[in-house]
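Down below is the structure, laid out as structure tokens.
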Amino acid sequence: MRLLTLLACLALLPAPAFADEAPPAEAPAGAGQGATSFTAPAPTGERVSGLSLMVAAYIAVWVLLAVYVTFLLMRTRNLDADLNDLRGRLSKLEQKHP
Amino acid sequence: MSSVVQSSQPLGALSSLKGLWALMGLSFALIFVGIVLAFFVAPVEGTLGIVQKIFYFHVPAAFSSYVGFVLCAVGSVSYLLRASRWSDRLAQAGAEVGVLFAAIVLITGPLWGYKSWGDYWEWEPRLTSMLLTFLIYCAYLLLRAFGGEGEVARKIGAVMGTLGVVGVVVVHISVRLWGGVHPQVMTGQGGGLHPLMKPAYFVCIFGFLALTSALIWLRMRLGAQHALIEDLHLRAADVEYDLEQP
């Protein structure tokens with residue numbers, strides 16, 4: 001629990017720092033192979049499509065919810081098991097010391 | 001001794017897993033219906049296009065974070081007045097769930113904003129106040145996670161949880177007070193929602209609120225289980241100590 005809280009907070013804290021960062025320039029076609037000619041880049045309009053942004057948002061929502069719900073359910077199951085063990089231990093003690 | 005074992009179910013209304021599953025199932029069913037309505041009934045928005053579909057998650061998640069933070073404040077005030085463990089558990093559960101949904105808001109908002117503003121982040125009133133509120137409750141969770149189980153940590157946390165709710169109020173009224181680039185569709189100053197967008201929007205709102213309730217329930221149940229186990233460990237140790245005495 002502590003580790004999850006710490007990791008979540010640390011992961012999200014620097015997010016705004018990247019807000020004003022310029023988007024990375026796209027590598028030109030044929031990069032790394034040696035240029036054979038120089039041409040003007042074609043106008044691209046928008047850098048990221050609306051569909052990609054929407055899909056990214058939906059994935060983020062479901063991943064966050066799934067991670068949190070899974071974490072809570074696993075922890076609940078473990079605590080239920082601990083609780084049953086303790087009740088068994090107390091019942092044995094009760095038989096020894098009525 | 002037997003009373004310890006027999007009475008060791010003080011989870012009360014929280015103990016019912018059937019009710020919890022029912023609420024969680026209802027919430028996911030509502031969200032699923034909301035998504036279907038958003039994609040097959042609600043029209044694609046004229047200016048922003050398909051990216052506006054983020055709205056059906058973004059705004060409900062914001063309301064859910066409000067609910068979580070307000071419940072944290074209610075639990076915190078109650079703890080300061082009566083010092084009950086139940087109130088403390090409510091405050092912790094509210095903060096944790098509020099932070100989860102605020103993270104969803106802060107992730108989905110910039111993705112939508114990139115299309116609207118051409119940049120992921122603008123230091124404008126609503127975004128900045130939401131980020132600050134999120135950080136206040138992150139600090140609360142860090143305090144509760146690493147500050148120990150003592151009364152002092154609980155009280156400091158309760159004060160923080162109470163004061164943090166001011167952030168929620170500021171987030172909510174920031175657009176009206178200071179303007180900014182954030183859309184004002186749901187604050188009465190925009191053109192409002194298209195009638196065909198409303199069913200998806202309201203179903204998603206109810207779905208997210210049901211999910212918030214289920215998560216707070218589950219988180220409080222976890223806290224109650226943890227407290228019960230600690231209590232039983234102490235009692236078992238006491239009994240074992242008694243048995244070892246000649």
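Order determines the names: the first chain of the structure tokens is A, the second B, and so forth; residues in each chain are numbered 1 upward, and ligands are numbered 1 upward as they are shown.
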
Selection: 8 Å around Ala56 of chain A, only C-alpha atoms, excl. self and same-chain fewer than 4 positions, as number ranges by chain: A: 52, 60; B: 111

Determine which residues of chain B sit within 7 Å of chain A, taking into account only C-alpha atoms, and present them as an MDAnalysis selection string. chainID B and resid 1:2 5 50:51 53:54 104 108 111:112 115 120:121 138 142 145 219 222 225:226 229 232 236

List the spatial neighbours of Gln92 of chain B as JSON, numbers by chain - criterion: any atom at most 10 Å away, only C-alpha atoms, same-chain residues fewer than 3 positions off excluded. {"B": [68, 69, 71, 72, 73, 75, 76, 86, 87, 88, 89, 95, 96, 97, 98, 137, 140, 141, 144, 145, 154, 157, 158, 161, 216, 219, 220, 223]}

Who sits within 10 Å of segment 126-134 of chain B, only C-alpha atoms, same chain under 2 positions skipped, as a PyMOL selection string: (chain A and resi 9+12-13+16) or (chain B and resi 62+65+69+95+98-103+105-106+109-110+121-124+136-140+164-176+178-183)

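The coordinates place atom CA of Ala61 of chain B at 15.5 Å from atom CA of Ala38 of chain B.
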
B:Phe40, B:Phe146, B:Trp217, B:Tyr241 ranked by distance to Leu20 of chain B, top pick (using only C-alpha atoms):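 Smallest separation from Leu20 of chain B among the options: B:Trp217.
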